[in-house]
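The structure file data_31.txt is reproduced below (compact mmCIF, C-alpha atoms).
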```
# COMPACT_ATOMS: atom_id res chain seq x y z
CA MET Z 23 -0.16 -19.77 -2.82
CA GLY Z 24 0.64 -16.07 -2.91
CA LEU Z 25 -2.12 -13.48 -2.97
CA THR Z 26 -0.90 -12.00 -6.26
CA GLY Z 27 -0.07 -15.29 -7.98
CA ASN Z 28 -1.97 -16.56 -11.01
CA ASN Z 29 -2.64 -19.92 -9.31
CA VAL Z 30 -4.81 -18.43 -6.59
CA LEU Z 31 -6.72 -16.36 -9.17
CA VAL Z 32 -7.30 -19.42 -11.36
CA LEU Z 33 -8.47 -21.36 -8.29
CA ALA Z 34 -10.91 -18.61 -7.32
CA VAL Z 35 -12.31 -18.28 -10.85
CA GLY Z 36 -12.55 -22.07 -11.18
CA SER Z 37 -14.35 -22.34 -7.85
CA ALA Z 38 -16.84 -19.67 -8.88
CA VAL Z 39 -17.55 -21.43 -12.18
CA LEU Z 40 -17.92 -24.87 -10.55
CA LEU Z 41 -20.21 -23.51 -7.86
CA PHE Z 42 -22.36 -21.81 -10.50
CA VAL Z 43 -22.62 -25.00 -12.52
CA GLY Z 44 -23.29 -26.97 -9.35
CA THR Z 45 -26.04 -24.59 -8.34
CA VAL Z 46 -27.77 -24.96 -11.72
CA TRP Z 47 -27.40 -28.76 -11.57
CA LEU Z 48 -28.60 -29.22 -8.01
CA TRP Z 49 -31.33 -26.59 -7.94
CA PRO Z 50 -34.15 -28.92 -9.12
CA ARG Z 51 -33.20 -31.41 -6.41
CA LEU Z 52 -33.39 -28.67 -3.80
CA SER Z 53 -36.76 -27.37 -4.90
CA ARG Z 54 -38.63 -28.98 -2.02
CA ARG Z 55 -39.90 -26.91 0.91
CA SER Z 56 -38.06 -28.83 3.59
CA TRP Z 57 -35.57 -27.05 5.85
CA ARG Z 58 -32.76 -29.15 4.38
CA ALA Z 59 -33.64 -28.11 0.83
CA VAL Z 60 -33.98 -24.42 1.78
CA GLY Z 61 -30.65 -24.56 3.64
CA GLY Z 62 -29.01 -26.17 0.63
CA ARG Z 63 -30.26 -23.43 -1.72
CA VAL Z 64 -29.09 -20.69 0.64
CA GLY Z 65 -25.71 -22.35 1.07
CA LEU Z 66 -25.14 -22.75 -2.67
CA LEU Z 67 -26.13 -19.14 -3.40
CA LEU Z 68 -23.92 -17.82 -0.61
CA ALA Z 69 -20.93 -19.94 -1.65
CA THR Z 70 -21.30 -18.88 -5.28
CA GLN Z 71 -21.51 -15.20 -4.37
CA LEU Z 72 -18.46 -15.44 -2.10
CA ALA Z 73 -16.44 -17.24 -4.77
CA LEU Z 74 -17.41 -14.65 -7.37
CA PHE Z 75 -16.57 -11.80 -5.00
CA ALA Z 76 -13.18 -13.38 -4.23
CA ALA Z 77 -12.38 -13.83 -7.93
CA VAL Z 78 -13.25 -10.22 -8.76
CA GLY Z 79 -11.31 -8.94 -5.74
CA LEU Z 80 -8.22 -10.98 -6.62
CA ALA Z 81 -8.36 -9.80 -10.23
CA ALA Z 82 -8.66 -6.17 -9.13
CA ASN Z 83 -5.79 -6.62 -6.68
CA GLN Z 84 -3.57 -8.04 -9.42
CA ALA Z 85 -4.42 -5.12 -11.70
CA PHE Z 86 -3.94 -2.33 -9.16
CA GLY Z 87 -1.57 -3.80 -6.56
CA PHE Z 88 -3.52 -2.89 -3.42
CA TYR Z 89 -2.08 -5.79 -1.37
CA ALA Z 90 1.06 -7.82 -1.96
CA SER Z 91 0.51 -10.82 0.32
CA TRP Z 92 -2.01 -12.46 2.64
CA ALA Z 93 -0.21 -10.90 5.59
CA ASP Z 94 -0.47 -7.50 3.91
CA LEU Z 95 -4.19 -8.01 3.28
CA PHE Z 96 -4.87 -8.83 6.93
CA GLY Z 97 -2.58 -6.08 8.27
CA GLN Z 98 0.02 -8.53 9.61
CA GLU Z 99 2.97 -7.42 7.45
CA ASP Z 100 5.31 -5.66 9.86
CA GLU Z 101 8.63 -5.23 8.03
CA GLN Z 102 9.63 -1.61 8.64
CA GLY Z 103 11.01 0.59 5.87
CA VAL Z 104 14.73 1.38 5.99
CA VAL Z 105 16.15 4.33 4.07
CA VAL Z 106 19.11 3.56 1.80
CA ASP Z 107 21.10 6.68 0.87
CA HIS Z 108 22.37 6.53 -2.71
CA THR Z 109 24.48 9.67 -2.40
CA PRO Z 110 28.22 8.84 -2.66
CA ASN Z 111 29.83 8.91 0.80
CA GLY Z 112 26.43 9.36 2.49
CA GLY Z 113 24.12 12.35 2.56
CA SER Z 114 23.85 15.19 4.61
CA GLY Z 115 -3.94 35.96 9.47
CA GLY Z 116 -5.25 36.63 6.10
CA PRO Z 117 -4.62 33.56 3.99
CA LEU Z 118 -4.93 31.05 6.85
CA ARG Z 119 -7.65 30.69 9.48
CA VAL Z 120 -7.88 28.07 12.25
CA THR Z 121 -11.32 26.44 12.30
CA ASP Z 122 -10.88 23.61 14.80
CA ILE Z 123 -8.38 22.29 17.38
CA ARG Z 124 -7.82 18.77 18.68
CA ARG Z 125 -5.23 16.85 20.67
CA VAL Z 126 -2.80 14.47 18.97
CA LYS Z 127 -3.77 11.37 20.95
CA GLU Z 128 -7.04 10.80 22.77
CA THR Z 129 -5.11 9.13 25.59
CA GLY Z 130 -2.48 11.84 25.67
CA SER Z 131 -2.34 15.01 27.71
CA ALA Z 132 -4.85 17.70 26.88
CA ARG Z 133 -2.10 20.31 27.31
CA PRO Z 134 -0.47 21.10 23.94
CA GLN Z 135 2.94 21.68 25.57
CA ASN Z 136 2.89 17.98 26.53
CA GLY Z 137 1.26 16.25 23.57
CA GLY Z 138 1.24 18.78 20.75
CA GLN Z 139 -1.85 19.94 18.88
CA ILE Z 140 -3.65 19.47 15.57
CA GLN Z 141 -5.34 22.52 14.09
CA LYS Z 142 -7.79 22.34 11.21
CA VAL Z 143 -7.27 25.39 9.02
CA ALA Z 144 -8.85 27.04 6.00
CA ILE Z 145 -6.34 28.36 3.47
CA VAL Z 146 -6.92 30.78 0.59
CA GLY Z 147 -4.10 31.35 -1.89
CA ARG Z 148 -3.28 35.04 -2.35
CA THR Z 149 -2.18 34.65 -5.98
CA THR Z 150 -4.04 31.53 -7.14
CA HIS Z 151 -7.23 32.16 -5.12
CA ILE Z 152 -7.41 28.41 -4.44
CA ALA Z 153 -9.34 27.68 -1.23
CA THR Z 154 -8.79 24.43 0.63
CA THR Z 155 -8.51 22.94 4.11
CA ALA Z 156 -5.57 21.33 5.89
CA PHE Z 157 -4.61 19.85 9.24
CA VAL Z 158 -1.55 21.39 10.90
CA TYR Z 159 0.33 19.37 13.51
CA LEU Z 160 2.25 21.51 16.01
CA PRO Z 161 4.75 19.62 18.22
CA PRO Z 162 4.77 20.08 22.01
CA GLU Z 163 7.89 22.23 21.81
CA TYR Z 164 5.94 24.83 19.80
CA PHE Z 165 3.98 25.67 22.98
CA GLN Z 166 6.79 25.42 25.53
CA PRO Z 167 8.17 28.73 26.92
CA ARG Z 168 11.82 27.86 26.30
CA TYR Z 169 11.09 27.52 22.55
CA ARG Z 170 8.92 30.64 22.22
CA ALA Z 171 11.48 32.41 20.02
CA ARG Z 172 12.35 29.34 17.95
CA THR Z 173 11.18 28.59 14.43
CA PHE Z 174 10.52 25.02 13.30
CA PRO Z 175 11.04 23.10 10.07
CA ALA Z 176 7.86 22.21 8.21
CA ALA Z 177 6.82 19.35 5.94
CA VAL Z 178 3.80 19.45 3.67
CA VAL Z 179 2.19 15.97 3.71
CA LEU Z 180 -0.06 15.01 0.78
CA THR Z 181 -2.55 12.18 0.33
CA GLY Z 182 -3.16 10.21 -2.81
CA TYR Z 183 -6.17 10.80 -5.07
CA PRO Z 184 -8.99 10.89 -4.07
CA GLY Z 185 -7.83 10.63 -0.43
CA THR Z 186 -8.81 12.89 2.44
CA ALA Z 187 -6.56 14.96 4.67
CA GLN Z 188 -8.30 13.38 7.67
CA ALA Z 189 -6.83 10.01 6.68
CA LEU Z 190 -3.30 11.37 7.17
CA VAL Z 191 -4.23 11.95 10.82
CA ASP Z 192 -6.50 9.00 11.63
CA LYS Z 193 -5.30 6.25 9.25
CA LEU Z 194 -1.64 6.98 8.53
CA HIS Z 195 -0.98 8.48 11.99
CA TYR Z 196 1.51 11.15 10.91
CA PRO Z 197 1.08 13.36 14.03
CA SER Z 198 1.33 10.56 16.58
CA THR Z 199 4.28 9.01 14.74
CA ALA Z 200 6.11 12.34 14.64
CA LEU Z 201 5.36 12.89 18.33
CA ASP Z 202 6.75 9.49 19.32
CA LEU Z 203 9.86 9.80 17.12
CA ALA Z 204 10.70 13.25 18.50
CA LYS Z 205 10.22 12.06 22.09
CA ASP Z 206 12.67 9.23 21.40
CA GLY Z 207 15.18 11.67 19.90
CA ARG Z 208 14.97 10.07 16.45
CA MET Z 209 13.77 13.22 14.70
CA GLN Z 210 13.63 16.92 15.45
CA PRO Z 211 10.30 18.58 16.33
CA MET Z 212 8.58 19.56 13.08
CA ILE Z 213 5.38 21.18 11.89
CA LEU Z 214 3.31 19.02 9.52
CA VAL Z 215 0.84 20.57 7.08
CA MET Z 216 -1.41 17.71 6.00
CA MET Z 217 -3.75 18.05 3.03
CA ARG Z 218 -5.03 16.70 -0.27
CA PRO Z 219 -3.15 17.39 -3.51
CA THR Z 220 -6.58 17.72 -5.11
CA VAL Z 221 -7.34 21.36 -4.35
CA ALA Z 222 -10.10 21.56 -6.98
CA PRO Z 223 -12.21 18.45 -6.24
CA PRO Z 224 -13.47 16.32 -7.80
CA ARG Z 225 -10.84 17.03 -10.46
CA ASP Z 226 -7.43 15.41 -10.08
CA THR Z 227 -5.08 18.24 -11.01
CA GLU Z 228 -1.82 16.28 -10.40
CA CYS Z 229 -0.22 19.43 -8.91
CA VAL Z 230 -0.15 21.02 -12.36
CA ASP Z 231 -0.73 24.66 -13.31
CA VAL Z 232 -3.62 23.92 -15.66
CA PRO Z 233 -3.93 26.51 -18.49
CA ASP Z 234 -7.07 28.53 -17.81
CA GLY Z 235 -7.66 26.27 -14.80
CA PRO Z 236 -6.49 25.67 -11.22
CA GLN Z 237 -2.89 26.82 -10.68
CA THR Z 238 -2.15 23.94 -8.34
CA GLU Z 239 1.64 23.87 -8.61
CA SER Z 240 1.85 27.60 -7.92
CA PHE Z 241 -0.40 27.15 -4.91
CA PHE Z 242 1.94 24.58 -3.35
CA ALA Z 243 5.11 26.39 -4.39
CA LYS Z 244 4.09 29.92 -3.33
CA ASP Z 245 0.71 30.45 -1.70
CA LEU Z 246 0.79 27.59 0.79
CA PRO Z 247 4.25 28.36 2.25
CA ASP Z 248 3.37 32.06 2.43
CA ALA Z 249 0.13 31.34 4.29
CA VAL Z 250 1.82 29.02 6.78
CA LEU Z 251 4.72 31.44 7.32
CA ALA Z 252 2.28 34.28 8.05
CA HIS Z 253 0.56 32.30 10.81
CA TYR Z 254 3.14 29.94 12.36
CA ARG Z 255 6.76 30.08 13.51
CA VAL Z 256 8.26 28.24 10.56
CA GLY Z 257 11.79 28.62 9.23
CA LYS Z 258 11.91 30.95 6.22
CA LYS Z 259 14.97 29.56 4.45
CA PRO Z 260 14.63 26.90 1.70
CA GLY Z 261 16.29 24.37 3.98
CA SER Z 262 13.35 24.60 6.38
CA TRP Z 263 10.72 23.08 4.09
CA GLY Z 264 10.09 19.56 2.83
CA VAL Z 265 7.21 17.70 1.21
CA ILE Z 266 5.99 14.10 1.60
CA GLY Z 267 3.24 12.24 -0.24
CA ASP Z 268 1.89 8.83 -1.17
CA SER Z 269 0.73 7.70 -4.62
CA THR Z 270 -0.50 10.88 -6.37
CA GLY Z 271 0.85 12.86 -3.43
CA GLY Z 272 4.18 11.07 -3.88
CA TYR Z 273 4.41 12.18 -7.51
CA CYS Z 274 3.51 15.71 -6.42
CA ALA Z 275 6.13 15.68 -3.65
CA LEU Z 276 8.94 14.67 -6.01
CA LYS Z 277 7.83 17.14 -8.67
CA LEU Z 278 7.55 20.06 -6.24
CA ALA Z 279 11.01 19.39 -4.80
CA MET Z 280 12.52 19.07 -8.30
CA HIS Z 281 10.76 22.08 -9.81
CA HIS Z 282 11.12 24.30 -6.73
CA PRO Z 283 14.33 23.43 -4.87
CA GLY Z 284 14.41 27.00 -3.60
CA VAL Z 285 11.24 26.21 -1.64
CA TYR Z 286 11.50 22.52 -0.80
CA ALA Z 287 14.88 21.18 0.30
CA ALA Z 288 13.59 17.60 0.32
CA GLY Z 289 10.77 15.60 -1.25
CA ALA Z 290 9.66 12.08 -0.35
CA GLY Z 291 7.42 10.00 -2.61
CA LEU Z 292 5.88 6.84 -1.12
CA SER Z 293 4.75 4.53 -3.94
CA PRO Z 294 5.00 7.41 -6.42
CA TYR Z 295 4.67 7.42 -10.17
CA TYR Z 296 6.83 9.65 -12.31
CA ASP Z 297 4.56 11.25 -14.90
CA ALA Z 298 1.13 12.89 -14.73
CA PRO Z 299 -1.60 10.58 -16.06
CA SER Z 300 -4.32 11.63 -18.43
CA ASP Z 301 -7.72 10.09 -17.70
CA PRO Z 302 -11.33 11.07 -16.96
CA THR Z 303 -10.40 12.27 -13.45
CA THR Z 304 -7.73 14.70 -14.73
CA GLY Z 305 -9.23 15.98 -17.94
CA ASP Z 306 -6.85 17.74 -20.32
CA LEU Z 307 -4.21 19.08 -17.91
CA PHE Z 308 -1.94 20.63 -20.53
CA GLN Z 309 -4.30 21.90 -23.22
CA GLY Z 310 -1.98 20.64 -25.96
CA ASP Z 311 1.08 22.43 -24.55
CA LYS Z 312 3.96 19.98 -25.13
CA GLY Z 313 6.31 22.02 -22.94
CA LEU Z 314 4.01 21.67 -19.96
CA ARG Z 315 3.48 17.99 -20.75
CA ASP Z 316 7.22 17.31 -20.86
CA ARG Z 317 7.92 19.29 -17.71
CA ALA Z 318 5.47 17.12 -15.77
CA ASN Z 319 7.43 13.98 -16.73
CA LEU Z 320 10.12 13.55 -14.07
CA PHE Z 321 12.31 11.38 -16.31
CA TRP Z 322 12.22 14.04 -19.02
CA TYR Z 323 12.99 16.72 -16.44
CA LEU Z 324 16.09 14.91 -15.18
CA LYS Z 325 17.36 14.49 -18.73
CA HIS Z 326 16.70 17.95 -20.15
CA MET Z 327 16.72 20.42 -17.25
CA PRO Z 328 19.51 21.48 -14.87
CA ALA Z 329 19.75 19.06 -11.96
CA PRO Z 330 17.92 20.57 -8.96
CA ASP Z 331 19.81 21.01 -5.69
CA THR Z 332 17.41 19.02 -3.54
CA SER Z 333 17.12 15.66 -1.78
CA LEU Z 334 14.64 13.00 -2.91
CA LEU Z 335 13.33 9.82 -1.31
CA VAL Z 336 11.37 7.17 -3.22
CA SER Z 337 9.78 3.94 -2.03
CA SER Z 338 8.57 0.72 -3.61
CA SER Z 339 8.28 -3.03 -2.98
CA LYS Z 340 9.88 -5.90 -4.86
CA ILE Z 341 6.57 -7.77 -4.75
CA GLY Z 342 3.25 -5.99 -4.95
CA GLU Z 343 4.09 -2.53 -6.33
CA ALA Z 344 3.64 -1.67 -10.00
CA ASN Z 345 6.23 1.13 -9.79
CA TYR Z 346 9.21 -1.07 -8.77
CA LYS Z 347 11.08 -1.07 -12.10
CA ASP Z 348 10.38 2.63 -12.71
CA THR Z 349 11.62 3.43 -9.21
CA LEU Z 350 14.94 1.68 -9.81
CA LYS Z 351 15.23 3.52 -13.13
CA PHE Z 352 14.48 6.83 -11.41
CA ILE Z 353 17.14 6.21 -8.76
CA ASP Z 354 19.74 5.55 -11.49
CA ARG Z 355 18.72 8.70 -13.38
CA VAL Z 356 19.01 10.86 -10.26
CA LYS Z 357 22.39 9.38 -9.31
CA ALA Z 358 23.67 10.25 -12.79
CA THR Z 359 23.04 13.96 -12.19
CA ASN Z 360 25.80 14.13 -9.55
CA ARG Z 361 23.91 16.98 -7.89
CA THR Z 362 20.45 15.86 -6.87
CA ARG Z 363 20.59 13.48 -3.93
CA VAL Z 364 18.42 10.35 -3.76
CA SER Z 365 17.56 7.77 -1.13
CA SER Z 366 15.11 4.87 -1.21
CA ILE Z 367 12.96 2.53 0.86
CA ILE Z 368 12.53 -0.83 -0.88
CA LEU Z 369 10.39 -3.41 0.90
CA GLU Z 370 10.44 -7.10 0.06
CA SER Z 371 6.65 -7.12 -0.13
CA GLY Z 372 4.00 -4.43 0.09
CA GLY Z 373 0.98 -3.22 -1.83
CA HIS Z 374 -0.36 0.18 -2.77
CA ASN Z 375 -2.15 0.73 0.54
CA PHE Z 376 -2.16 2.30 4.00
CA ASN Z 377 -0.56 -0.70 5.68
CA THR Z 378 2.51 -0.41 3.44
CA TRP Z 379 2.80 3.34 3.90
CA ARG Z 380 2.48 3.07 7.68
CA ARG Z 381 5.55 0.83 7.62
CA GLU Z 382 7.48 3.45 5.63
CA ILE Z 383 6.37 6.63 7.41
CA PRO Z 384 8.66 6.42 10.49
CA ALA Z 385 11.80 6.08 8.35
CA THR Z 386 10.51 8.79 6.00
CA LEU Z 387 9.95 11.29 8.83
CA GLN Z 388 13.42 10.56 10.21
CA TRP Z 389 14.92 11.01 6.74
CA ILE Z 390 13.24 14.33 6.03
CA SER Z 391 13.96 15.61 9.54
CA GLY Z 392 17.65 15.04 8.95
CA ARG Z 393 17.57 17.19 5.83
CA LEU Z 394 15.71 20.23 7.15
CA SER Z 395 16.91 23.08 9.36
CA ASP Z 396 14.86 25.16 11.80
CA ARG Z 397 16.03 28.53 10.53
```

Encoding of this model in structure tokens:
Amino acid sequence: MGLTGNNVLVLAVGSAVLLFVGTVWLWPRLSRRSWRAVGGRVGLLLATQLALFAAVGLAANQAFGFYASWADLFGQEDEQGVVVDHTPNGGSGGPLRVTDIRRVKETGSARPQNGGQIQKVAIVGRTTHIATTAFVYLPPEYFQPRYRARTFPAAVVLTGYPGTAQALVDKLHYPSTALDLAKDGRMQPMILVMMRPTVAPPRDTECVDVPDGPQTESFFAKDLPDAVLAHYRVGKKPGSWGVIGDSTGGYCALKLAMHHPGVYAAGAGLSPYYDAPSDPTTGDLFQGDKGLRDRANLFWYLKHMPAPDTSLLVSSSKIGEANYKDTLKFIDRVKATNRTRVSSIILESGGHNFNTWRREIPATLQWISGRLSDR
């Protein structure tokens, strides 16, 4: 029985109910003070609690799509994401301060010119005055003498909500994956700027310029690139910048690339959605402004605004992801523009979780590397 099937949920709920009834029925018989009676009471209570926990967990998983299969749940799903290009004929000092430095791999060389480096930085937006932290991965080539005059392409990497930037390093392994891919010649050396899309925690701003509130989109479109450019050797042309994200970060990545193609030449959304939600975590993002509301809807944007000259990547799974049908619809809408380019990663099975995204990240980094220049 599949993890997301109704049969396994019915079985779990039925088991919990039967164990509860059995506990009530047998409890008087187990009221003695013998070790056997005490062990029976403990066993019944434990079994009932486990069955109840399993039923609630399965119901939550069905509702939110965290895991798509038993293999996915136990981290055994190993199908790697493959990018499919839907473009016809194929595709082609002040604002930033370093606060900490660490190596990319604990087992790797301590010399940055061999293993690269991760710098924790504090960023303050010059125009938005948003203050946040990020982790910047610098590839080994950044420190090697023969590359001292070279600039590098950069990708902003965003978590979901309410994720942490640290998880992009320790759980999703973006720096070590990029290091390995570049060493194998499967992607060019790139700078990664890893951070949360939630720059005004605990509020989920959905990368929106909130009226009389955090100007999150402007921060990512203007202040962040300016701060990174002022401190690191990053290419200054639009073709030098990309953005990647998962879940909320995936929606933000697509929106930033579509709204600001002059900044981001490519945007990759892993398990994205395509419109900003409105819930207790976001509050009123648009203050009744229908224009802002519409602009945040990526389907509306494709239909009513000029097609942006950018490249997009979306991912989903046939089993386990709630966004599968919307993702196919989005791909068709983008293809109809005849200007915006779109690629996809569609897994047979995968939930809304780190294990799924780890399977998609190598192909995503290769894809975005192929669409960015170092000038």

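Taking CA of Asn319 in chain Z and CA of Val215 in chain Z as the two end points, the separation is 25.6 Å.
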
### Task
Extract, using all atoms listed in the file, all DNA, RNA and protein residues at most 7 Å from range 261-271 of chain Z, discarding same-chain residues fewer than 5 positions from it, and format them as a ChimeraX atom specification.
/Z:175-183,219,228,285-295,390,394-397

### Task
Go through Z:Thr199, Z:Thr349, Z:Ser337, Z:Thr238 and flag the residue nearest Ile367 in chain Z, using only C-alpha atoms for the distances.
Z:Ser337

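Taking all atoms listed in the file into account, the protein, DNA and RNA residues within 10 Å of (7.8, -7.4, -6.5) read Thr26, Ala90, Ser338, Ser339, Lys340, Ile341, Gly342, Glu343, Ala344, Asn345, Tyr346, Lys347, Ile368, Leu369, Glu370, Ser371, Gly372 and Gly373 of chain Z.
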
What would the file look like if the residues just selected were written as a PDB file, in the frame of the given file with C-alpha atoms?
```
ATOM      1  CA  THR Z  26      -0.900 -12.000  -6.260  1.00  0.00           C
ATOM      2  CA  ALA Z  90       1.060  -7.820  -1.960  1.00  0.00           C
ATOM      3  CA  SER Z 338       8.570   0.720  -3.610  1.00  0.00           C
ATOM      4  CA  SER Z 339       8.280  -3.030  -2.980  1.00  0.00           C
ATOM      5  CA  LYS Z 340       9.880  -5.900  -4.860  1.00  0.00           C
ATOM      6  CA  ILE Z 341       6.570  -7.770  -4.750  1.00  0.00           C
ATOM      7  CA  GLY Z 342       3.250  -5.990  -4.950  1.00  0.00           C
ATOM      8  CA  GLU Z 343       4.090  -2.530  -6.330  1.00  0.00           C
ATOM      9  CA  ALA Z 344       3.640  -1.670 -10.000  1.00  0.00           C
ATOM     10  CA  ASN Z 345       6.230   1.130  -9.790  1.00  0.00           C
ATOM     11  CA  TYR Z 346       9.210  -1.070  -8.770  1.00  0.00           C
ATOM     12  CA  LYS Z 347      11.080  -1.070 -12.100  1.00  0.00           C
ATOM     13  CA  ILE Z 368      12.530  -0.830  -0.880  1.00  0.00           C
ATOM     14  CA  LEU Z 369      10.390  -3.410   0.900  1.00  0.00           C
ATOM     15  CA  GLU Z 370      10.440  -7.100   0.060  1.00  0.00           C
ATOM     16  CA  SER Z 371       6.650  -7.120  -0.130  1.00  0.00           C
ATOM     17  CA  GLY Z 372       4.000  -4.430   0.090  1.00  0.00           C
ATOM     18  CA  GLY Z 373       0.980  -3.220  -1.830  1.00  0.00           C
TER      19      GLY Z 373
END
```

### Task
Find the residues near Arg119 in chain Z: any atom within 9 Å, counting all atoms listed in the file, skip ones fewer than 6 places away on the same chain, and give them as a PyMOL selection string.
chain Z and resi 142-146+253

### Query
Pick the closest to Asp245 in chain Z from Z:Asp348, Z:Val78, Z:Gln71, Z:His151: which is it, counting only C-alpha atoms?
Z:His151

Excluding His195 in chain Z and residues on its chain fewer than 5 positions from it, collect all residues at most 12 Å away from it, counting only C-alpha atoms, and give them as a short mmCIF file (atom, residue, chain, number, x, y, z; two decimals) with C-alpha atoms, in the coordinates of the input.
```cif
data_model
loop_
_atom_site.label_atom_id
_atom_site.label_comp_id
_atom_site.auth_asym_id
_atom_site.auth_seq_id
_atom_site.Cartn_x
_atom_site.Cartn_y
_atom_site.Cartn_z
CA VAL Z 126 -2.80 14.47 18.97
CA LYS Z 127 -3.77 11.37 20.95
CA ILE Z 140 -3.65 19.47 15.57
CA TYR Z 159 0.33 19.37 13.51
CA VAL Z 179 2.19 15.97 3.71
CA ALA Z 187 -6.56 14.96 4.67
CA GLN Z 188 -8.30 13.38 7.67
CA ALA Z 189 -6.83 10.01 6.68
CA LEU Z 190 -3.30 11.37 7.17
CA ALA Z 200 6.11 12.34 14.64
CA LEU Z 201 5.36 12.89 18.33
CA ASP Z 202 6.75 9.49 19.32
CA LEU Z 214 3.31 19.02 9.52
CA MET Z 216 -1.41 17.71 6.00
CA PHE Z 376 -2.16 2.30 4.00
CA ASN Z 377 -0.56 -0.70 5.68
CA TRP Z 379 2.80 3.34 3.90
CA ARG Z 380 2.48 3.07 7.68
CA ARG Z 381 5.55 0.83 7.62
CA GLU Z 382 7.48 3.45 5.63
CA ILE Z 383 6.37 6.63 7.41
CA PRO Z 384 8.66 6.42 10.49
CA LEU Z 387 9.95 11.29 8.83
#
```

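Relative to CA of Ser391 in chain Z, CA of Asn136 in chain Z is found at 20.4 Å.
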
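Minimum atom-to-atom distance to Tyr323 in chain Z, evaluated using all atoms listed in the file, belongs to Z:Tyr296 out of Z:Tyr296, Z:Gln309, Z:Lys259, Z:Val35.
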
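For the pair CA of Pro117 in chain Z and CA of Thr303 in chain Z, the separation is 28.1 Å.
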
### Query
From the set Z:Pro167, Z:Pro134, Z:Gly207, Z:Gly272, which residue has the shortest atom-to-atom contact distance to Gly392 in chain Z, counting all atoms listed in the file?
Z:Gly207

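Residues in contact with range 36-48 of chain Z at up to 7 Å, not including ones fewer than 4 positions away on its chain and judged by only C-alpha atoms, are Val32, Leu52, Leu66, Thr70, Ala73 and Leu74 of chain Z.
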
At most 10 Å is the cut-off: for each residue in range 287-341 of chain Z with any atom that close to an atom of range 279-282 of chain Z, write down the nearest atom pair and the distance in Å rounded to one decimal, counting all atoms listed in the file, chain first then increasing number, as a tab-separated table.
```
residue	atom	partner	partner_atom	distance
Z:Ala287	CA	Z:Ala279	CA	6.6
Z:Ala288	CA	Z:Ala279	CA	6.0
Z:Gly289	CA	Z:Ala279	CA	5.2
Z:Ala290	CA	Z:Ala279	CA	8.7
Z:Arg317	CA	Z:His281	CA	8.8
Z:Ala318	CA	Z:His281	CA	9.4
Z:Leu320	CA	Z:Met280	CA	8.3
Z:Tyr323	CA	Z:Met280	CA	8.5
Z:Leu324	CA	Z:Met280	CA	8.8
Z:Met327	CA	Z:His281	CA	9.7
Z:Pro328	CA	Z:Met280	CA	9.9
Z:Ala329	CA	Z:Met280	CA	8.1
Z:Pro330	CA	Z:Met280	CA	5.6
Z:Asp331	CA	Z:Met280	CA	8.0
Z:Thr332	CA	Z:Ala279	CA	6.5
Z:Ser333	CA	Z:Ala279	CA	7.8
Z:Leu334	CA	Z:Ala279	CA	7.6
```

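Proximity to Asp234 in chain Z was assessed for Z:Pro299, Z:Arg51, Z:Ala34, Z:Asp306 counting only C-alpha atoms; the smallest distance is recorded for Z:Asp306.
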